[in-house]
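Visitor: Would you mind keeping the following structure in view while I ask a few things?
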Amino acid sequence: MANMEYVWQDRKRIIFGLPWTFTIYRLTKEKLLIESGILNKKEEEVRLYRIMDLTLKRSLWQRLFGLGTIHCCTGDQSTPEFDILWIKDAANVKNMLSDMVEQQRVEKGIVSREFMDDDGETAH
């Protein structure tokens, strides 16, 4: 992981928006990495082209400290949904992530099926 170039990275934040947690989010051009834990470490990897939907959530407490949570729905069976919790500048991160997801889907020739019916015909 040392040679990987990160486009964005942050930690999950808690008290007063300070990064005093052991969850780290890292974004490359092709995937999102979520590392958590201190003694027992876990690293999840989600390919950007598999992300189907992004939702920004900001409670009053989060807004007071300039934070937000991005809820992600994916086409990945092992990680169908996950949250990027309590991060700084969440609206801009969500927009950047959305653009990068779309770019990866175009580069990989993945067509969205959200406008197709069960027969594969374009819905009107």
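If you're wondering about the labels, chains in the structure tokens are A, B, ... by order shown, residues count from 1 in each chain, ligands from 1 in order shown.
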Near Leu64 (chain A), counting only C-alpha atoms, which residues have an atom at most 12 Å away, once you skip same-chain residues fewer than 3 positions from it, shown as a PDB file with N, CA and C atoms, in the first residue's frame?
Guide:
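Contents of around.pdb, freshly written:
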```pdb
ATOM      1  N   ILE A  15     -15.399  13.484  18.917  1.00  0.00           N
ATOM      2  CA  ILE A  15     -15.574  14.622  19.811  1.00  0.00           C
ATOM      3  C   ILE A  15     -15.043  15.918  19.189  1.00  0.00           C
ATOM      4  N   PHE A  16     -15.924  16.893  19.038  1.00  0.00           N
ATOM      5  CA  PHE A  16     -15.591  18.210  18.497  1.00  0.00           C
ATOM      6  C   PHE A  16     -14.936  18.143  17.121  1.00  0.00           C
ATOM      7  N   GLY A  17     -15.210  17.086  16.389  1.00  0.00           N
ATOM      8  CA  GLY A  17     -14.673  16.957  15.042  1.00  0.00           C
ATOM      9  C   GLY A  17     -13.216  16.559  14.976  1.00  0.00           C
ATOM     10  N   ARG A  58     -26.184  14.682   7.196  1.00  0.00           N
ATOM     11  CA  ARG A  58     -25.529  15.626   8.113  1.00  0.00           C
ATOM     12  C   ARG A  58     -26.487  15.976   9.238  1.00  0.00           C
ATOM     13  N   SER A  59     -26.262  15.429  10.410  1.00  0.00           N
ATOM     14  CA  SER A  59     -27.081  15.759  11.577  1.00  0.00           C
ATOM     15  C   SER A  59     -26.727  17.171  12.047  1.00  0.00           C
ATOM     16  N   LEU A  60     -27.521  17.702  12.935  1.00  0.00           N
ATOM     17  CA  LEU A  60     -27.233  19.026  13.488  1.00  0.00           C
ATOM     18  C   LEU A  60     -25.846  19.036  14.143  1.00  0.00           C
ATOM     19  N   TRP A  61     -25.543  17.995  14.918  1.00  0.00           N
ATOM     20  CA  TRP A  61     -24.241  17.889  15.584  1.00  0.00           C
ATOM     21  C   TRP A  61     -23.110  17.898  14.562  1.00  0.00           C
ATOM     22  N   LEU A  67     -18.892  18.534   9.670  1.00  0.00           N
ATOM     23  CA  LEU A  67     -18.705  17.130   9.328  1.00  0.00           C
ATOM     24  C   LEU A  67     -19.928  16.581   8.600  1.00  0.00           C
ATOM     25  N   GLY A  68     -19.808  15.364   8.108  1.00  0.00           N
ATOM     26  CA  GLY A  68     -20.930  14.687   7.474  1.00  0.00           C
ATOM     27  C   GLY A  68     -20.607  13.216   7.287  1.00  0.00           C
ATOM     28  N   TRP A  86     -18.522  10.583   9.579  1.00  0.00           N
ATOM     29  CA  TRP A  86     -18.020  11.752  10.295  1.00  0.00           C
ATOM     30  C   TRP A  86     -16.731  12.319   9.698  1.00  0.00           C
ATOM     31  N   LYS A  88     -14.621  15.444   7.412  1.00  0.00           N
ATOM     32  CA  LYS A  88     -14.599  16.873   7.104  1.00  0.00           C
ATOM     33  C   LYS A  88     -15.024  17.080   5.655  1.00  0.00           C
TER      34      LYS A  88
END
```
Visitor: Could you give me the residues within chain A that DSSP places in helix (DSSP H, G or I), as a PyMOL selection string?
Guide: chain A and resi 15-17+48-50+60-64+90-107
Visitor: Suppose we keep C-alpha atoms; can you now write the selection as a tab-separated table (two decimals), in the first residue's frame?
Guide:
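Final output, saved to out.tsv:
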```
chain	number	residue	atom	x	y	z
A	15	ILE	CA	-15.57	14.62	19.81
A	16	PHE	CA	-15.59	18.21	18.50
A	17	GLY	CA	-14.67	16.96	15.04
A	48	LEU	CA	-15.38	2.73	-7.44
A	49	TYR	CA	-17.22	1.36	-10.49
A	50	ARG	CA	-19.26	-0.86	-8.13
A	60	LEU	CA	-27.23	19.03	13.49
A	61	TRP	CA	-24.24	17.89	15.58
A	62	GLN	CA	-22.24	17.10	12.44
A	63	ARG	CA	-23.13	20.44	10.82
A	64	LEU	CA	-21.98	22.31	13.95
A	90	ALA	CA	-18.35	15.76	3.32
A	91	ALA	CA	-20.34	17.54	0.57
A	92	ASN	CA	-17.22	18.16	-1.53
A	93	VAL	CA	-15.94	14.64	-0.88
A	94	LYS	CA	-19.30	13.20	-1.98
A	95	ASN	CA	-19.22	15.25	-5.20
A	96	MET	CA	-15.63	14.24	-5.93
A	97	LEU	CA	-16.42	10.58	-5.23
A	98	SER	CA	-19.52	10.73	-7.44
A	99	ASP	CA	-17.50	12.15	-10.35
A	100	MET	CA	-14.78	9.53	-9.88
A	101	VAL	CA	-17.35	6.71	-9.76
A	102	GLU	CA	-18.87	7.92	-13.03
A	103	GLN	CA	-15.42	8.22	-14.63
A	104	GLN	CA	-14.52	4.65	-13.62
A	105	ARG	CA	-17.84	3.33	-14.96
A	106	VAL	CA	-17.22	5.07	-18.32
A	107	GLU	CA	-13.60	3.86	-18.50
```
Visitor: So which residues touch Leu18 (chain A) within 10 Å, counting only C-alpha atoms, skipping near sequence neighbours fewer than 3 positions away, as a PyMOL selection string?
Guide: chain A and resi 11-15+21+65+86-88
Visitor: Counting only C-alpha atoms, which of A:Gln77, A:Thr55, A:Gln9, A:Thr23 gets nearest to Glu43 (chain A)?
Guide: A:Thr23
Visitor: Apply DSSP to the backbone of this structure and, from region 11-104 of chain A, keep only the residues in strand (DSSP E or B); write these as a tab-separated table (two decimals) with N, CA and C atoms, in the first residue's frame.
Guide:
```tsv
chain	number	residue	atom	x	y	z
A	11	ARG	N	-9.79	10.67	8.44
A	11	ARG	CA	-10.15	9.76	9.53
A	11	ARG	C	-11.58	10.05	9.95
A	24	ILE	N	-9.66	4.86	9.10
A	24	ILE	CA	-9.03	5.72	8.10
A	24	ILE	C	-9.64	5.41	6.74
A	25	TYR	N	-10.02	6.47	6.03
A	25	TYR	CA	-10.57	6.34	4.68
A	25	TYR	C	-9.51	6.84	3.70
A	26	ARG	N	-9.27	6.05	2.64
A	26	ARG	CA	-8.33	6.46	1.60
A	26	ARG	C	-8.98	6.20	0.25
A	27	LEU	N	-8.79	7.15	-0.66
A	27	LEU	CA	-9.38	7.06	-1.99
A	27	LEU	C	-8.28	7.14	-3.03
A	31	LYS	N	-10.28	2.89	-6.35
A	31	LYS	CA	-10.93	2.22	-5.23
A	31	LYS	C	-10.93	3.05	-3.95
A	32	LEU	N	-11.84	2.69	-3.07
A	32	LEU	CA	-11.95	3.28	-1.75
A	32	LEU	C	-11.50	2.23	-0.74
A	33	LEU	N	-10.59	2.60	0.15
A	33	LEU	CA	-10.08	1.70	1.17
A	33	LEU	C	-10.54	2.20	2.53
A	34	ILE	N	-11.06	1.29	3.34
A	34	ILE	CA	-11.50	1.64	4.69
A	34	ILE	C	-10.75	0.74	5.65
A	35	GLU	N	-9.88	1.34	6.45
A	35	GLU	CA	-9.08	0.60	7.41
A	35	GLU	C	-9.60	0.93	8.81
A	36	SER	N	-9.87	-0.11	9.60
A	36	SER	CA	-10.37	0.12	10.96
A	36	SER	C	-9.69	-0.83	11.94
A	42	LYS	N	-8.75	-4.33	10.13
A	42	LYS	CA	-9.59	-4.79	9.03
A	42	LYS	C	-9.49	-3.76	7.92
A	43	GLU	N	-9.28	-4.22	6.69
A	43	GLU	CA	-9.26	-3.30	5.56
A	43	GLU	C	-10.27	-3.76	4.52
A	44	GLU	N	-11.22	-2.89	4.24
A	44	GLU	CA	-12.21	-3.16	3.20
A	44	GLU	C	-11.79	-2.40	1.96
A	45	GLU	N	-12.04	-3.00	0.81
A	45	GLU	CA	-11.72	-2.37	-0.47
A	45	GLU	C	-12.96	-2.41	-1.34
A	46	VAL	N	-13.36	-1.25	-1.84
A	46	VAL	CA	-14.52	-1.17	-2.73
A	46	VAL	C	-14.07	-0.51	-4.02
A	47	ARG	N	-14.23	-1.22	-5.13
A	47	ARG	CA	-13.92	-0.65	-6.44
A	47	ARG	C	-14.95	0.43	-6.76
A	51	ILE	N	-19.83	1.23	-7.00
A	51	ILE	CA	-20.70	2.11	-6.20
A	51	ILE	C	-21.85	2.57	-7.07
A	52	MET	N	-23.07	2.36	-6.59
A	52	MET	CA	-24.27	2.67	-7.36
A	52	MET	C	-24.94	3.97	-6.91
A	53	ASP	N	-24.86	4.28	-5.62
A	53	ASP	CA	-25.60	5.43	-5.10
A	53	ASP	C	-24.87	6.01	-3.90
A	54	LEU	N	-24.88	7.34	-3.80
A	54	LEU	CA	-24.25	8.06	-2.69
A	54	LEU	C	-25.28	9.00	-2.07
A	55	THR	N	-25.33	9.03	-0.75
A	55	THR	CA	-26.25	9.92	-0.04
A	55	THR	C	-25.48	10.64	1.06
A	56	LEU	N	-25.60	11.96	1.11
A	56	LEU	CA	-24.95	12.74	2.16
A	56	LEU	C	-25.92	12.90	3.32
A	57	LYS	N	-25.44	12.58	4.52
A	57	LYS	CA	-26.23	12.74	5.74
A	57	LYS	C	-25.47	13.67	6.67
A	67	LEU	N	-18.89	18.53	9.67
A	67	LEU	CA	-18.71	17.13	9.33
A	67	LEU	C	-19.93	16.58	8.60
A	68	GLY	N	-19.81	15.36	8.11
A	68	GLY	CA	-20.93	14.69	7.47
A	68	GLY	C	-20.61	13.22	7.29
A	69	THR	N	-21.62	12.46	6.91
A	69	THR	CA	-21.49	11.04	6.64
A	69	THR	C	-22.00	10.78	5.23
A	70	ILE	N	-21.27	9.98	4.47
A	70	ILE	CA	-21.68	9.61	3.12
A	70	ILE	C	-22.09	8.15	3.15
A	71	HIS	N	-23.36	7.89	2.82
A	71	HIS	CA	-23.88	6.52	2.76
A	71	HIS	C	-23.72	6.03	1.34
A	72	CYS	N	-23.13	4.85	1.16
A	72	CYS	CA	-22.85	4.29	-0.16
A	72	CYS	C	-23.57	2.96	-0.35
A	73	CYS	N	-24.24	2.80	-1.49
A	73	CYS	CA	-24.84	1.53	-1.89
A	73	CYS	C	-24.03	1.02	-3.07
A	74	THR	N	-23.68	-0.27	-3.04
A	74	THR	CA	-22.81	-0.82	-4.07
A	74	THR	C	-23.41	-2.07	-4.71
A	81	GLU	N	-23.60	-2.17	1.34
A	81	GLU	CA	-23.81	-0.81	1.85
A	81	GLU	C	-22.74	-0.52	2.90
A	82	PHE	N	-22.30	0.74	2.95
A	82	PHE	CA	-21.37	1.15	3.99
A	82	PHE	C	-21.44	2.66	4.13
A	83	ASP	N	-20.90	3.16	5.22
A	83	ASP	CA	-20.87	4.60	5.49
A	83	ASP	C	-19.44	5.08	5.61
A	84	ILE	N	-19.19	6.26	5.06
A	84	ILE	CA	-17.95	6.98	5.30
A	84	ILE	C	-18.34	7.97	6.39
A	85	LEU	N	-17.98	7.65	7.62
A	85	LEU	CA	-18.53	8.31	8.81
A	85	LEU	C	-17.77	9.55	9.25
A	86	TRP	N	-18.52	10.58	9.58
A	86	TRP	CA	-18.02	11.75	10.29
A	86	TRP	C	-16.73	12.32	9.70
A	87	ILE	N	-16.80	12.73	8.44
A	87	ILE	CA	-15.61	13.28	7.78
A	87	ILE	C	-15.76	14.78	7.54
A	88	LYS	N	-14.62	15.44	7.41
A	88	LYS	CA	-14.60	16.87	7.10
A	88	LYS	C	-15.02	17.08	5.66
```
Visitor: How far is it from CA of Gly66 (chain A) to CA of Asp10 (chain A), in Å with one decimal?
Guide: 13.6 Å
